[in-house]
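Structure file my_file-v3.txt (compact mmCIF, C-alpha atoms) follows.
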# COMPACT_ATOMS: atom_id res chain seq x y z
CA MET A 1 -50.39 -0.36 6.38
CA THR A 2 -47.81 1.29 8.63
CA ARG A 3 -44.25 1.75 7.40
CA SER A 4 -40.88 1.28 9.03
CA LEU A 5 -39.34 4.50 10.36
CA SER A 6 -36.69 6.61 8.62
CA PRO A 7 -33.27 6.69 10.34
CA GLY A 8 -33.90 10.04 12.06
CA ARG A 9 -36.87 8.57 13.90
CA TRP A 10 -35.18 5.38 15.06
CA ARG A 11 -34.49 5.16 18.78
CA LEU A 12 -33.51 1.55 19.45
CA TYR A 13 -31.19 -0.10 16.92
CA VAL A 14 -30.46 -3.73 17.72
CA ILE A 15 -27.49 -5.56 16.23
CA THR A 16 -27.81 -9.32 16.34
CA ASP A 17 -24.63 -11.31 16.95
CA GLU A 18 -24.76 -15.06 17.51
CA GLN A 19 -21.32 -15.02 19.15
CA LEU A 20 -22.90 -13.17 22.09
CA SER A 21 -26.41 -14.54 22.18
CA ARG A 22 -25.77 -17.52 24.44
CA GLY A 23 -26.98 -20.16 22.05
CA ARG A 24 -30.03 -18.29 20.82
CA SER A 25 -30.30 -17.97 17.04
CA HIS A 26 -30.40 -14.70 15.11
CA LEU A 27 -34.10 -15.37 14.53
CA GLN A 28 -34.86 -15.87 18.22
CA VAL A 29 -32.90 -12.77 19.18
CA VAL A 30 -34.59 -10.59 16.60
CA ASP A 31 -38.06 -11.90 17.35
CA ALA A 32 -37.66 -10.98 21.03
CA ALA A 33 -36.00 -7.63 20.25
CA ILE A 34 -38.92 -6.67 18.03
CA ARG A 35 -41.38 -7.59 20.77
CA GLY A 36 -39.38 -5.26 23.02
CA GLY A 37 -39.67 -2.35 20.60
CA ALA A 38 -36.60 -2.39 18.32
CA ASP A 39 -37.04 0.15 15.51
CA VAL A 40 -34.32 -1.33 13.33
CA VAL A 41 -32.40 -4.58 13.27
CA GLN A 42 -28.94 -5.16 11.86
CA LEU A 43 -27.67 -8.60 10.96
CA ARG A 44 -23.97 -8.93 11.60
CA ASP A 45 -22.18 -12.20 11.08
CA LYS A 46 -18.58 -12.26 9.96
CA THR A 47 -18.18 -16.04 10.20
CA ALA A 48 -21.13 -17.59 8.36
CA SER A 49 -20.82 -18.74 4.75
CA SER A 50 -22.56 -16.51 2.24
CA GLY A 51 -25.18 -19.18 1.73
CA ARG A 52 -26.03 -19.43 5.41
CA LEU A 53 -25.97 -15.64 5.80
CA TYR A 54 -28.44 -15.42 2.94
CA GLN A 55 -30.79 -17.92 4.58
CA VAL A 56 -30.66 -16.09 7.92
CA ALA A 57 -31.14 -12.74 6.20
CA LEU A 58 -34.17 -14.10 4.32
CA SER A 59 -35.83 -15.18 7.55
CA LEU A 60 -35.04 -11.87 9.31
CA ARG A 61 -36.36 -9.97 6.29
CA LYS A 62 -39.69 -11.76 6.62
CA LEU A 63 -39.89 -11.15 10.36
CA THR A 64 -38.95 -7.45 10.17
CA ARG A 65 -41.26 -6.80 7.25
CA GLU A 66 -44.22 -8.26 9.11
CA ALA A 67 -43.37 -6.04 12.11
CA ASN A 68 -42.63 -2.88 10.04
CA VAL A 69 -39.14 -2.80 11.50
CA SER A 70 -36.23 -1.63 9.35
CA PHE A 71 -33.72 -4.32 8.36
CA ILE A 72 -30.07 -3.53 7.70
CA VAL A 73 -27.29 -5.97 6.73
CA ASN A 74 -23.78 -5.32 8.00
CA ASP A 75 -21.03 -5.17 5.38
CA ARG A 76 -22.56 -7.58 2.85
CA LEU A 77 -24.14 -5.44 0.18
CA ASP A 78 -24.74 -8.53 -1.94
CA VAL A 79 -26.75 -10.26 0.79
CA ALA A 80 -28.71 -7.05 1.40
CA LEU A 81 -29.61 -6.85 -2.30
CA ALA A 82 -30.44 -10.55 -2.53
CA VAL A 83 -33.02 -10.42 0.29
CA ASP A 84 -34.28 -6.89 -0.40
CA ALA A 85 -33.13 -5.53 2.96
CA ASP A 86 -33.85 -1.87 3.71
CA GLY A 87 -30.16 -1.08 3.64
CA VAL A 88 -26.52 -1.80 4.40
CA HIS A 89 -24.14 -0.65 7.10
CA VAL A 90 -20.45 -0.36 6.28
CA GLY A 91 -17.46 0.33 8.49
CA GLN A 92 -14.16 1.85 7.47
CA GLN A 93 -12.76 -1.66 6.72
CA ASP A 94 -15.64 -2.57 4.41
CA LEU A 95 -16.47 -1.59 0.85
CA PRO A 96 -16.15 2.18 0.29
CA ALA A 97 -19.43 3.95 1.00
CA SER A 98 -19.39 5.67 -2.39
CA ALA A 99 -19.21 2.31 -4.21
CA VAL A 100 -21.97 0.90 -2.04
CA ARG A 101 -24.24 3.87 -2.72
CA ARG A 102 -23.68 3.56 -6.46
CA ILE A 103 -24.70 -0.12 -6.49
CA LEU A 104 -27.46 0.20 -3.89
CA GLY A 105 -29.27 3.00 -5.70
CA PRO A 106 -30.96 5.97 -4.05
CA GLY A 107 -33.92 4.16 -2.50
CA LYS A 108 -32.09 2.14 0.11
CA ILE A 109 -30.54 3.12 3.44
CA LEU A 110 -26.76 3.40 3.71
CA GLY A 111 -25.19 3.59 7.17
CA VAL A 112 -21.51 4.35 7.66
CA THR A 113 -19.37 4.10 10.79
CA ALA A 114 -17.54 7.33 11.66
CA GLU A 115 -15.12 7.84 14.54
CA THR A 116 -14.07 11.38 13.64
CA VAL A 117 -15.54 14.56 12.20
CA GLU A 118 -13.53 13.96 9.04
CA GLU A 119 -14.93 10.46 8.57
CA ALA A 120 -18.42 11.84 9.18
CA LEU A 121 -18.00 14.50 6.48
CA VAL A 122 -16.65 11.99 3.97
CA ALA A 123 -19.52 9.60 4.75
CA GLU A 124 -22.07 12.36 4.21
CA LYS A 125 -20.49 13.28 0.90
CA ASP A 126 -20.41 9.60 -0.13
CA GLY A 127 -24.15 9.31 0.32
CA ALA A 128 -24.68 7.99 3.85
CA ASP A 129 -28.19 8.20 5.29
CA TYR A 130 -27.02 7.89 8.88
CA LEU A 131 -23.78 7.68 10.82
CA GLY A 132 -22.83 5.01 13.32
CA VAL A 133 -20.67 6.91 15.79
CA GLY A 134 -18.50 5.29 18.42
CA PRO A 135 -17.23 3.47 20.27
CA VAL A 136 -18.80 5.50 23.06
CA PHE A 137 -18.33 3.15 26.01
CA GLU A 138 -16.32 0.03 26.70
CA ALA A 139 -17.96 -2.91 24.93
CA ARG A 140 -17.66 -6.61 25.66
CA GLY A 141 -15.45 -7.73 22.79
CA THR A 142 -18.09 -7.12 20.17
CA LYS A 143 -16.04 -5.22 17.62
CA ALA A 144 -12.49 -6.49 17.26
CA ASP A 145 -11.70 -3.61 14.91
CA ALA A 146 -13.07 -0.81 17.12
CA GLY A 147 -10.74 1.67 18.81
CA PRO A 148 -10.79 2.68 22.51
CA PRO A 149 -14.03 4.16 23.89
CA GLN A 150 -14.38 7.92 23.44
CA GLY A 151 -17.23 8.71 25.81
CA PRO A 152 -20.35 10.69 24.86
CA ALA A 153 -18.00 13.50 23.76
CA ILE A 154 -17.52 11.70 20.43
CA ILE A 155 -21.24 12.29 19.73
CA ALA A 156 -21.18 15.89 20.89
CA ASN A 157 -18.09 16.57 18.72
CA ILE A 158 -19.57 15.22 15.53
CA ARG A 159 -23.16 16.43 16.07
CA PRO A 160 -22.71 20.08 14.93
CA HIS A 161 -20.89 19.07 11.74
CA THR A 162 -23.53 16.97 10.02
CA ARG A 163 -27.23 16.97 9.34
CA LEU A 164 -27.31 13.16 9.27
CA PRO A 165 -28.99 11.15 12.03
CA ILE A 166 -26.46 9.71 14.47
CA VAL A 167 -26.67 6.19 15.84
CA ALA A 168 -24.41 5.95 18.89
CA ILE A 169 -22.62 2.63 19.30
CA GLY A 170 -20.35 0.91 21.78
CA GLY A 171 -21.18 -0.43 25.24
CA ILE A 172 -24.60 1.21 25.42
CA LYS A 173 -26.96 -0.17 28.09
CA ALA A 174 -29.78 1.00 30.33
CA GLU A 175 -27.37 2.74 32.75
CA ASN A 176 -25.80 5.03 30.13
CA ALA A 177 -28.32 5.25 27.27
CA ARG A 178 -29.64 8.63 28.40
CA LEU A 179 -26.15 10.14 28.05
CA VAL A 180 -25.86 9.42 24.32
CA ARG A 181 -29.19 11.04 23.56
CA GLU A 182 -28.21 14.06 25.66
CA ALA A 183 -24.98 14.28 23.64
CA GLY A 184 -27.00 14.52 20.41
CA ALA A 185 -27.48 10.98 19.14
CA ASP A 186 -30.85 10.18 17.61
CA SER A 187 -30.64 6.54 18.56
CA ALA A 188 -28.40 3.90 20.07
CA ALA A 189 -27.16 0.67 18.57
CA VAL A 190 -27.18 -1.99 21.24
CA ILE A 191 -25.58 -5.39 21.03
CA SER A 192 -24.67 -7.27 24.19
CA ALA A 193 -27.03 -5.44 26.59
CA ILE A 194 -29.86 -6.93 24.55
CA VAL A 195 -28.48 -9.95 22.72
CA ALA A 196 -26.85 -11.41 25.83
CA ALA A 197 -29.67 -10.47 28.26
CA ASP A 198 -31.59 -13.16 30.13
CA ASP A 199 -34.83 -11.62 28.86
CA ILE A 200 -34.13 -10.02 25.49
CA ALA A 201 -37.60 -8.51 25.03
CA GLN A 202 -37.55 -6.96 28.50
CA ALA A 203 -34.03 -5.55 28.00
CA ALA A 204 -35.14 -4.03 24.69
CA ARG A 205 -38.28 -2.59 26.27
CA GLU A 206 -36.28 -0.87 29.02
CA LEU A 207 -33.78 0.61 26.56
CA LYS A 208 -36.48 1.75 24.18
CA SER A 209 -38.21 3.58 27.01
CA ILE A 210 -35.02 5.40 28.02
CA LEU A 211 -34.07 6.25 24.42
CA SER A 212 -37.49 7.59 23.48
CA ALA A 213 -38.04 9.62 26.66
CA GLY A 214 -39.21 13.09 25.66
CA ASP A 215 -40.48 12.05 22.22
CA PRO A 216 -43.84 13.54 21.28
CA GLY A 217 -46.74 11.19 21.90
CA ARG A 218 -45.09 9.39 24.77
CA MET B 219 -8.97 -3.68 -29.43
CA THR B 220 -9.06 -7.37 -28.63
CA ARG B 221 -11.56 -8.74 -26.15
CA SER B 222 -11.34 -11.27 -23.38
CA LEU B 223 -12.59 -14.74 -24.35
CA SER B 224 -16.01 -16.19 -23.60
CA PRO B 225 -16.06 -19.11 -21.13
CA GLY B 226 -16.26 -21.77 -23.87
CA ARG B 227 -12.94 -20.59 -25.27
CA TRP B 228 -11.05 -20.43 -21.99
CA ARG B 229 -8.35 -23.06 -21.53
CA LEU B 230 -6.34 -21.96 -18.50
CA TYR B 231 -8.31 -20.62 -15.53
CA VAL B 232 -6.09 -19.48 -12.68
CA ILE B 233 -7.40 -19.03 -9.15
CA THR B 234 -5.24 -16.83 -6.98
CA ASP B 235 -4.97 -17.76 -3.31
CA GLU B 236 -2.54 -15.94 -1.02
CA GLN B 237 -2.63 -18.81 1.48
CA LEU B 238 -0.72 -20.92 -1.07
CA SER B 239 1.39 -18.37 -2.88
CA ARG B 240 4.41 -18.49 -0.60
CA GLY B 241 4.44 -14.83 0.30
CA ARG B 242 3.68 -13.51 -3.16
CA SER B 243 0.74 -11.13 -3.36
CA HIS B 244 -2.40 -11.65 -5.43
CA LEU B 245 -1.08 -8.98 -7.78
CA GLN B 246 2.30 -10.68 -8.26
CA VAL B 247 0.67 -14.07 -8.80
CA VAL B 248 -1.79 -12.74 -11.36
CA ASP B 249 0.80 -10.69 -13.20
CA ALA B 250 2.97 -13.78 -13.69
CA ALA B 251 -0.01 -16.03 -14.53
CA ILE B 252 -1.07 -13.61 -17.26
CA ARG B 253 2.44 -13.59 -18.69
CA GLY B 254 2.17 -17.38 -18.79
CA GLY B 255 -1.08 -17.30 -20.76
CA ALA B 256 -3.96 -17.43 -18.26
CA ASP B 257 -7.26 -16.80 -20.07
CA VAL B 258 -9.20 -15.99 -16.94
CA VAL B 259 -8.29 -15.13 -13.37
CA GLN B 260 -10.40 -15.69 -10.28
CA LEU B 261 -9.78 -13.83 -7.04
CA ARG B 262 -10.55 -15.99 -4.04
CA ASP B 263 -9.92 -14.74 -0.54
CA LYS B 264 -12.13 -15.86 2.30
CA THR B 265 -10.14 -14.10 5.04
CA ALA B 266 -9.60 -10.50 3.87
CA SER B 267 -11.89 -7.71 5.05
CA SER B 268 -14.30 -6.43 2.41
CA GLY B 269 -12.28 -3.23 2.16
CA ARG B 270 -9.03 -5.04 1.47
CA LEU B 271 -10.71 -7.44 -0.94
CA TYR B 272 -12.07 -4.44 -2.81
CA GLN B 273 -8.61 -2.87 -3.08
CA VAL B 274 -7.07 -6.12 -4.34
CA ALA B 275 -9.93 -6.64 -6.77
CA LEU B 276 -9.51 -3.11 -8.11
CA SER B 277 -5.85 -3.71 -8.85
CA LEU B 278 -6.53 -7.10 -10.47
CA ARG B 279 -9.31 -5.54 -12.54
CA LYS B 280 -6.86 -3.01 -13.94
CA LEU B 281 -4.24 -5.67 -14.70
CA THR B 282 -6.66 -8.10 -16.35
CA ARG B 283 -8.36 -5.40 -18.38
CA GLU B 284 -5.04 -4.24 -19.80
CA ALA B 285 -4.24 -7.86 -20.74
CA ASN B 286 -7.73 -8.69 -22.10
CA VAL B 287 -7.99 -11.48 -19.57
CA SER B 288 -11.36 -12.27 -17.97
CA PHE B 289 -11.68 -11.43 -14.28
CA ILE B 290 -13.99 -13.34 -11.96
CA VAL B 291 -14.52 -12.79 -8.22
CA ASN B 292 -15.24 -15.80 -6.02
CA ASP B 293 -18.37 -15.63 -3.88
CA ARG B 294 -18.46 -11.85 -3.36
CA LEU B 295 -21.01 -10.51 -5.80
CA ASP B 296 -20.78 -7.10 -4.13
CA VAL B 297 -17.04 -6.84 -4.73
CA ALA B 298 -17.50 -8.03 -8.32
CA LEU B 299 -20.08 -5.28 -8.93
CA ALA B 300 -18.01 -2.63 -7.17
CA VAL B 301 -14.93 -3.18 -9.37
CA ASP B 302 -16.82 -4.07 -12.57
CA ALA B 303 -15.40 -7.59 -12.74
CA ASP B 304 -16.45 -9.75 -15.69
CA GLY B 305 -18.33 -12.06 -13.37
CA VAL B 306 -18.76 -14.04 -10.18
CA HIS B 307 -18.21 -17.66 -9.26
CA VAL B 308 -20.40 -19.21 -6.58
CA GLY B 309 -20.22 -22.58 -4.87
CA GLN B 310 -23.05 -24.49 -3.26
CA GLN B 311 -22.32 -22.76 0.10
CA ASP B 312 -22.52 -19.27 -1.38
CA LEU B 313 -25.43 -17.09 -2.44
CA PRO B 314 -27.94 -19.02 -4.59
CA ALA B 315 -27.06 -18.76 -8.28
CA SER B 316 -30.56 -17.59 -9.17
CA ALA B 317 -30.28 -14.62 -6.78
CA VAL B 318 -26.82 -13.78 -8.10
CA ARG B 319 -28.02 -13.84 -11.70
CA ARG B 320 -30.93 -11.55 -10.87
CA ILE B 321 -28.65 -8.93 -9.28
CA LEU B 322 -25.79 -9.35 -11.73
CA GLY B 323 -27.91 -8.81 -14.81
CA PRO B 324 -27.56 -10.67 -18.11
CA GLY B 325 -24.31 -9.11 -19.30
CA LYS B 326 -21.95 -10.61 -16.74
CA ILE B 327 -20.52 -14.10 -16.38
CA LEU B 328 -21.91 -16.40 -13.69
CA GLY B 329 -19.96 -19.54 -12.79
CA VAL B 330 -21.39 -22.21 -10.51
CA THR B 331 -19.69 -25.18 -8.88
CA ALA B 332 -21.40 -28.51 -9.61
CA GLU B 333 -20.40 -31.89 -8.24
CA THR B 334 -23.32 -33.86 -9.66
CA VAL B 335 -25.52 -33.96 -12.76
CA GLU B 336 -28.38 -32.64 -10.65
CA GLU B 337 -26.38 -29.63 -9.45
CA ALA B 338 -25.31 -28.98 -13.04
CA LEU B 339 -28.90 -28.96 -14.28
CA VAL B 340 -30.02 -26.63 -11.49
CA ALA B 341 -27.10 -24.30 -12.19
CA GLU B 342 -27.96 -24.17 -15.87
CA LYS B 343 -31.59 -23.39 -15.08
CA ASP B 344 -30.48 -20.71 -12.60
CA GLY B 345 -28.56 -18.90 -15.30
CA ALA B 346 -24.98 -20.16 -15.05
CA ASP B 347 -22.64 -19.37 -17.95
CA TYR B 348 -20.19 -22.11 -17.05
CA LEU B 349 -19.84 -24.93 -14.54
CA GLY B 350 -16.91 -25.52 -12.23
CA VAL B 351 -16.83 -29.32 -11.95
CA GLY B 352 -14.80 -31.22 -9.41
CA PRO B 353 -12.92 -32.05 -7.37
CA VAL B 354 -11.25 -34.17 -10.03
CA PHE B 355 -7.96 -34.99 -8.32
CA GLU B 356 -6.57 -34.74 -4.81
CA ALA B 357 -5.76 -31.09 -4.08
CA ARG B 358 -3.40 -29.64 -1.52
CA GLY B 359 -5.87 -28.36 1.05
CA THR B 360 -7.18 -25.63 -1.20
CA LYS B 361 -10.90 -26.13 -0.73
CA ALA B 362 -11.86 -27.02 2.82
CA ASP B 363 -15.46 -27.54 1.71
CA ALA B 364 -14.71 -29.81 -1.26
CA GLY B 365 -15.60 -33.49 -1.18
CA PRO B 366 -13.28 -36.41 -2.06
CA PRO B 367 -11.75 -36.43 -5.56
CA GLN B 368 -13.92 -38.08 -8.23
CA GLY B 369 -11.42 -38.56 -11.05
CA PRO B 370 -11.99 -37.43 -14.65
CA ALA B 371 -15.20 -39.51 -14.60
CA ILE B 372 -16.98 -36.61 -12.90
CA ILE B 373 -16.41 -34.56 -16.05
CA ALA B 374 -17.42 -37.35 -18.39
CA ASN B 375 -20.60 -37.96 -16.37
CA ILE B 376 -21.78 -34.37 -16.44
CA ARG B 377 -20.63 -33.52 -20.00
CA PRO B 378 -23.55 -35.08 -21.92
CA HIS B 379 -26.18 -33.42 -19.72
CA THR B 380 -25.38 -29.75 -20.29
CA ARG B 381 -24.49 -27.39 -23.07
CA LEU B 382 -22.51 -25.18 -20.66
CA PRO B 383 -18.74 -24.95 -20.82
CA ILE B 384 -17.08 -27.03 -18.09
CA VAL B 385 -14.12 -25.82 -16.08
CA ALA B 386 -12.53 -28.82 -14.36
CA ILE B 387 -11.19 -28.15 -10.87
CA GLY B 388 -9.26 -29.98 -8.18
CA GLY B 389 -5.59 -30.99 -8.15
CA ILE B 390 -5.00 -30.26 -11.83
CA LYS B 391 -1.35 -29.96 -12.88
CA ALA B 392 0.83 -30.60 -15.92
CA GLU B 393 0.85 -34.39 -15.34
CA ASN B 394 -2.94 -34.79 -15.46
CA ALA B 395 -4.27 -31.76 -17.37
CA ARG B 396 -4.66 -33.70 -20.62
CA LEU B 397 -7.04 -36.14 -18.89
CA VAL B 398 -9.63 -33.50 -18.01
CA ARG B 399 -9.79 -32.18 -21.55
CA GLU B 400 -10.12 -35.73 -22.87
CA ALA B 401 -13.00 -36.25 -20.44
CA GLY B 402 -14.82 -33.27 -21.95
CA ALA B 403 -13.77 -30.20 -19.96
CA ASP B 404 -13.24 -27.01 -21.92
CA SER B 405 -10.71 -25.69 -19.48
CA ALA B 406 -9.03 -26.36 -16.16
CA ALA B 407 -8.98 -24.22 -13.04
CA VAL B 408 -5.54 -24.42 -11.50
CA ILE B 409 -4.55 -23.22 -8.08
CA SER B 410 -1.50 -24.66 -6.35
CA ALA B 411 0.27 -26.01 -9.47
CA ILE B 412 0.57 -22.38 -10.55
CA VAL B 413 0.21 -20.22 -7.45
CA ALA B 414 2.73 -22.25 -5.43
CA ALA B 415 5.17 -22.87 -8.33
CA ASP B 416 8.74 -21.56 -8.17
CA ASP B 417 8.20 -19.92 -11.56
CA ILE B 418 4.52 -19.01 -11.86
CA ALA B 419 4.72 -17.77 -15.47
CA GLN B 420 6.54 -20.90 -16.62
CA ALA B 421 4.09 -23.21 -14.82
CA ALA B 422 1.20 -21.35 -16.45
CA ARG B 423 2.84 -21.55 -19.86
CA GLU B 424 3.30 -25.31 -19.61
CA LEU B 425 -0.31 -25.87 -18.50
CA LYS B 426 -1.68 -23.57 -21.16
CA SER B 427 0.17 -25.51 -23.83
CA ILE B 428 -1.23 -28.85 -22.61
CA LEU B 429 -4.76 -27.52 -22.25
CA SER B 430 -4.89 -25.89 -25.66
CA ALA B 431 -3.30 -28.78 -27.58
CA GLY B 432 -5.42 -29.49 -30.62
CA ASP B 433 -7.03 -26.05 -30.74
CA PRO B 434 -7.26 -24.53 -34.23
CA GLY B 435 -4.43 -22.12 -34.96
CA ARG B 436 -1.94 -23.83 -32.72
Just give me the structure of the file as structure tokens.
Amino acid sequence: MTRSLSPGRWRLYVITDEQLSRGRSHLQVVDAAIRGGADVVQLRDKTASSGRLYQVALSLRKLTREANVSFIVNDRLDVALAVDADGVHVGQQDLPASAVRRILGPGKILGVTAETVEEALVAEKDGADYLGVGPVFEARGTKADAGPPQGPAIIANIRPHTRLPIVAIGGIKAENARLVREAGADSAAVISAIVAADDIAQAARELKSILSAGDPGR
Amino acid sequence: MTRSLSPGRWRLYVITDEQLSRGRSHLQVVDAAIRGGADVVQLRDKTASSGRLYQVALSLRKLTREANVSFIVNDRLDVALAVDADGVHVGQQDLPASAVRRILGPGKILGVTAETVEEALVAEKDGADYLGVGPVFEARGTKADAGPPQGPAIIANIRPHTRLPIVAIGGIKAENARLVREAGADSAAVISAIVAADDIAQAARELKSILSAGDPGR
């Protein structure tokens, strides 16, 4: 049996968001993203009831497990625990990373959003396994709480200060994906360029190819 | 050191809701409710970010611990774990009670909303420590997901079918509190009659007196 990859080996990180998916369900989006080569899937839904979120997370857990794709839940540590997700991603407005790590235990993946070197250092100390760094480019209204885009420089600035894998986030698409890897990101989290695409699997395939260019064995 | 009461000995259960508290914070509401004799406090906030909810819960945890008052978090198992609350309350739209019990462990309190005998039996099987039963009376827009009021009969109907303590909920105030105890409830969960009162401590005191009438030692 193959195993899902560790965060440093991820290339394409897909965040599913039903607000942007043009009527397609989380399950449909994730199924197509996996066919296109997603290495990790994050469920983000700030509007669903906990009960519905749990049901969706259960179905995504089954799908990702069968495909050996990592499964991360945004913000909701309780939902992540309830469905045995691979981990949780928290932003600076969510539960403190140190509290999440304590409850999650050492065997699960903790991702933390960092916009500055200081936030990156605190996240590392608090037990993060990877950093979500951004926003890099202008995104289509996906993160109401995100600041203005910082360009690939935000990756290059943080890169020398931490040993943690960096997932670049914010407005990443086929046209600019190469730039975030060149700036030092290990992978890119993509939302609308995949979730809102006409052909989700094809959009994922194209991004995966760009993000994994230069990897051994390709 | 005295200890907070077990669910069967609660009489006045106060749910804090900033939407109804006329500008007073969760902390101010709970402080006054405790002075008025609340036996247990539930934090319910469906709009705050997880980070803010955590901060509020931390401060309420401190306050309730000092007063030996039980502290329950609505819906958010993760927040309850992070602040070491005494327990969690889940409704039928929240995480399944069985999953919550598994993660929470045996030492914490699990409350489950039940509107029917069948829901009460499932909740008991799933590991509930008490049932929240209602809505009994017409409430002032406090629970968007609650059905029409059932009257005290809903308590009387469920009472013979379970050994669990029953917390009556829905539109309970000084004028009708006696009726829910007569119908078999151990305690009453009160929201607007306390949280929206001019004098929160006084409103709590009056309700506590009605709800504990007939208790030994009074």
Exercise for the section: Using only C-alpha atoms, pick whichever of B:Ser427, B:Ser267, B:Thr334, B:Thr380 has the shortest atom-to-atom distance to Val90 in chain A. Expected result: B:Ser267
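Closest to Val354 in chain B among B:Glu400, B:Glu333, B:Glu342, B:Glu393 is B:Glu333, based on all atoms listed in the file.
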Using only C-alpha atoms, find the residues of chain A whose closest atom to chain B is at most 9 Å away, then write them as a JSON list (two decimals) with C-alpha atoms, in the frame of the given file.
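For reference, result25.json as written:
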[["chain", "number", "residue", "atom", "x", "y", "z"],
["A", 49, "SER", "CA", -20.82, -18.74, 4.75],
["A", 50, "SER", "CA", -22.56, -16.51, 2.24],
["A", 51, "GLY", "CA", -25.18, -19.18, 1.73],
["A", 52, "ARG", "CA", -26.03, -19.43, 5.41],
["A", 53, "LEU", "CA", -25.97, -15.64, 5.80],
["A", 54, "TYR", "CA", -28.44, -15.42, 2.94],
["A", 55, "GLN", "CA", -30.79, -17.92, 4.58],
["A", 75, "ASP", "CA", -21.03, -5.17, 5.38],
["A", 76, "ARG", "CA", -22.56, -7.58, 2.85],
["A", 77, "LEU", "CA", -24.14, -5.44, 0.18],
["A", 78, "ASP", "CA", -24.74, -8.53, -1.94],
["A", 79, "VAL", "CA", -26.75, -10.26, 0.79],
["A", 81, "LEU", "CA", -29.61, -6.85, -2.30],
["A", 82, "ALA", "CA", -30.44, -10.55, -2.53],
["A", 83, "VAL", "CA", -33.02, -10.42, 0.29],
["A", 91, "GLY", "CA", -17.46, 0.33, 8.49],
["A", 92, "GLN", "CA", -14.16, 1.85, 7.47],
["A", 93, "GLN", "CA", -12.76, -1.66, 6.72],
["A", 94, "ASP", "CA", -15.64, -2.57, 4.41],
["A", 95, "LEU", "CA", -16.47, -1.59, 0.85],
["A", 96, "PRO", "CA", -16.15, 2.18, 0.29],
["A", 99, "ALA", "CA", -19.21, 2.31, -4.21],
["A", 100, "VAL", "CA", -21.97, 0.90, -2.04],
["A", 102, "ARG", "CA", -23.68, 3.56, -6.46],
["A", 103, "ILE", "CA", -24.70, -0.12, -6.49]]
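One finds CA of Val112 in chain A at 17.4 Å from CA of Pro160 in chain A.
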Practice task
List every protein, DNA or RNA residue that has at least one atom no more than 6 Å from (-17.8, -24.2, -21.1) in the file's coordinates, counting all atoms listed in the file, and write the result as a PyMOL selection string.
Solution key: chain B and resi 225-226+348+382-384+404
Take the selection from the previous step and output its residues with C-alpha atoms, as a JSON list (two decimals), in the coordinates of the input.
[["chain", "number", "residue", "atom", "x", "y", "z"],
["B", 225, "PRO", "CA", -16.06, -19.11, -21.13],
["B", 226, "GLY", "CA", -16.26, -21.77, -23.87],
["B", 348, "TYR", "CA", -20.19, -22.11, -17.05],
["B", 382, "LEU", "CA", -22.51, -25.18, -20.66],
["B", 383, "PRO", "CA", -18.74, -24.95, -20.82],
["B", 384, "ILE", "CA", -17.08, -27.03, -18.09],
["B", 404, "ASP", "CA", -13.24, -27.01, -21.92]]
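Neighbouring residues of range 109-111 of chain A at 9 Å or closer, counting only C-alpha atoms and skipping chain neighbours under 2 positions away, are Ser6, Pro7, Ile72, Asp86, Gly87, Val88, His89, Val90, Gly91, Ala97, Val100, Arg101, Leu104, Pro106, Gly107, Thr113, Ala123, Gly127, Ala128, Asp129, Tyr130, Leu131 and Gly132 of chain A.
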Practice task
Extract, using all atoms listed in the file, all DNA, RNA and protein residues at most 6 Å from range 409-418 of chain B, discarding same-chain residues fewer than 5 positions from it, and format them as a ChimeraX atom specification.
Solution key: /B:233,238-239,250,391
Take the selection from the previous step and output its residues with C-alpha atoms, as a PDB file, keeping the file's coordinate frame.
ATOM      1  CA  ILE B 233      -7.400 -19.030  -9.150  1.00  0.00           C
ATOM      2  CA  LEU B 238      -0.720 -20.920  -1.070  1.00  0.00           C
ATOM      3  CA  SER B 239       1.390 -18.370  -2.880  1.00  0.00           C
ATOM      4  CA  ALA B 250       2.970 -13.780 -13.690  1.00  0.00           C
ATOM      5  CA  LYS B 391      -1.350 -29.960 -12.880  1.00  0.00           C
TER       6      LYS B 391
END
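CA of Asp215 in chain A to CA of Arg178 in chain A spans 12.9 Å [interatomic distance, one decimal].
Across the model, the gap from CA of Ile169 in chain A to CA of Pro216 in chain A is 23.9 Å.
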Exercise for the section: Name the residues in contact with Gly369 in chain B at a cut-off of 12 Å, using all atoms listed in the file, excluding same-chain residues fewer than 5 positions from it; report them as a ChimeraX atom specification. Expected result: /B:333,351-357,374-375,386-390,394-395,397-398,401
Problem - Residue contacts of Leu261 in chain B (6 Å, only C-alpha atoms) excluding same-chain residues fewer than 4 positions away, as a ChimeraX atom specification - result: /B:234,291-292
Selection from above, C-alpha atoms, as an mmCIF file, in the frame of the given file, can you write it?
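Saved as part37.cif:
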data_model
loop_
_atom_site.group_PDB
_atom_site.id
_atom_site.type_symbol
_atom_site.label_atom_id
_atom_site.label_comp_id
_atom_site.auth_asym_id
_atom_site.auth_seq_id
_atom_site.Cartn_x
_atom_site.Cartn_y
_atom_site.Cartn_z
ATOM 1 C CA THR B 234 -5.240 -16.830 -6.980
ATOM 2 C CA VAL B 291 -14.520 -12.790 -8.220
ATOM 3 C CA ASN B 292 -15.240 -15.800 -6.020
#
Problem - Residues near Ser405 in chain B, cut-off 8 Å, all atoms listed in the file, skip fewer than 5 positions along chain, as a ChimeraX atom specification - result: /B:228-231,384-386,399,429
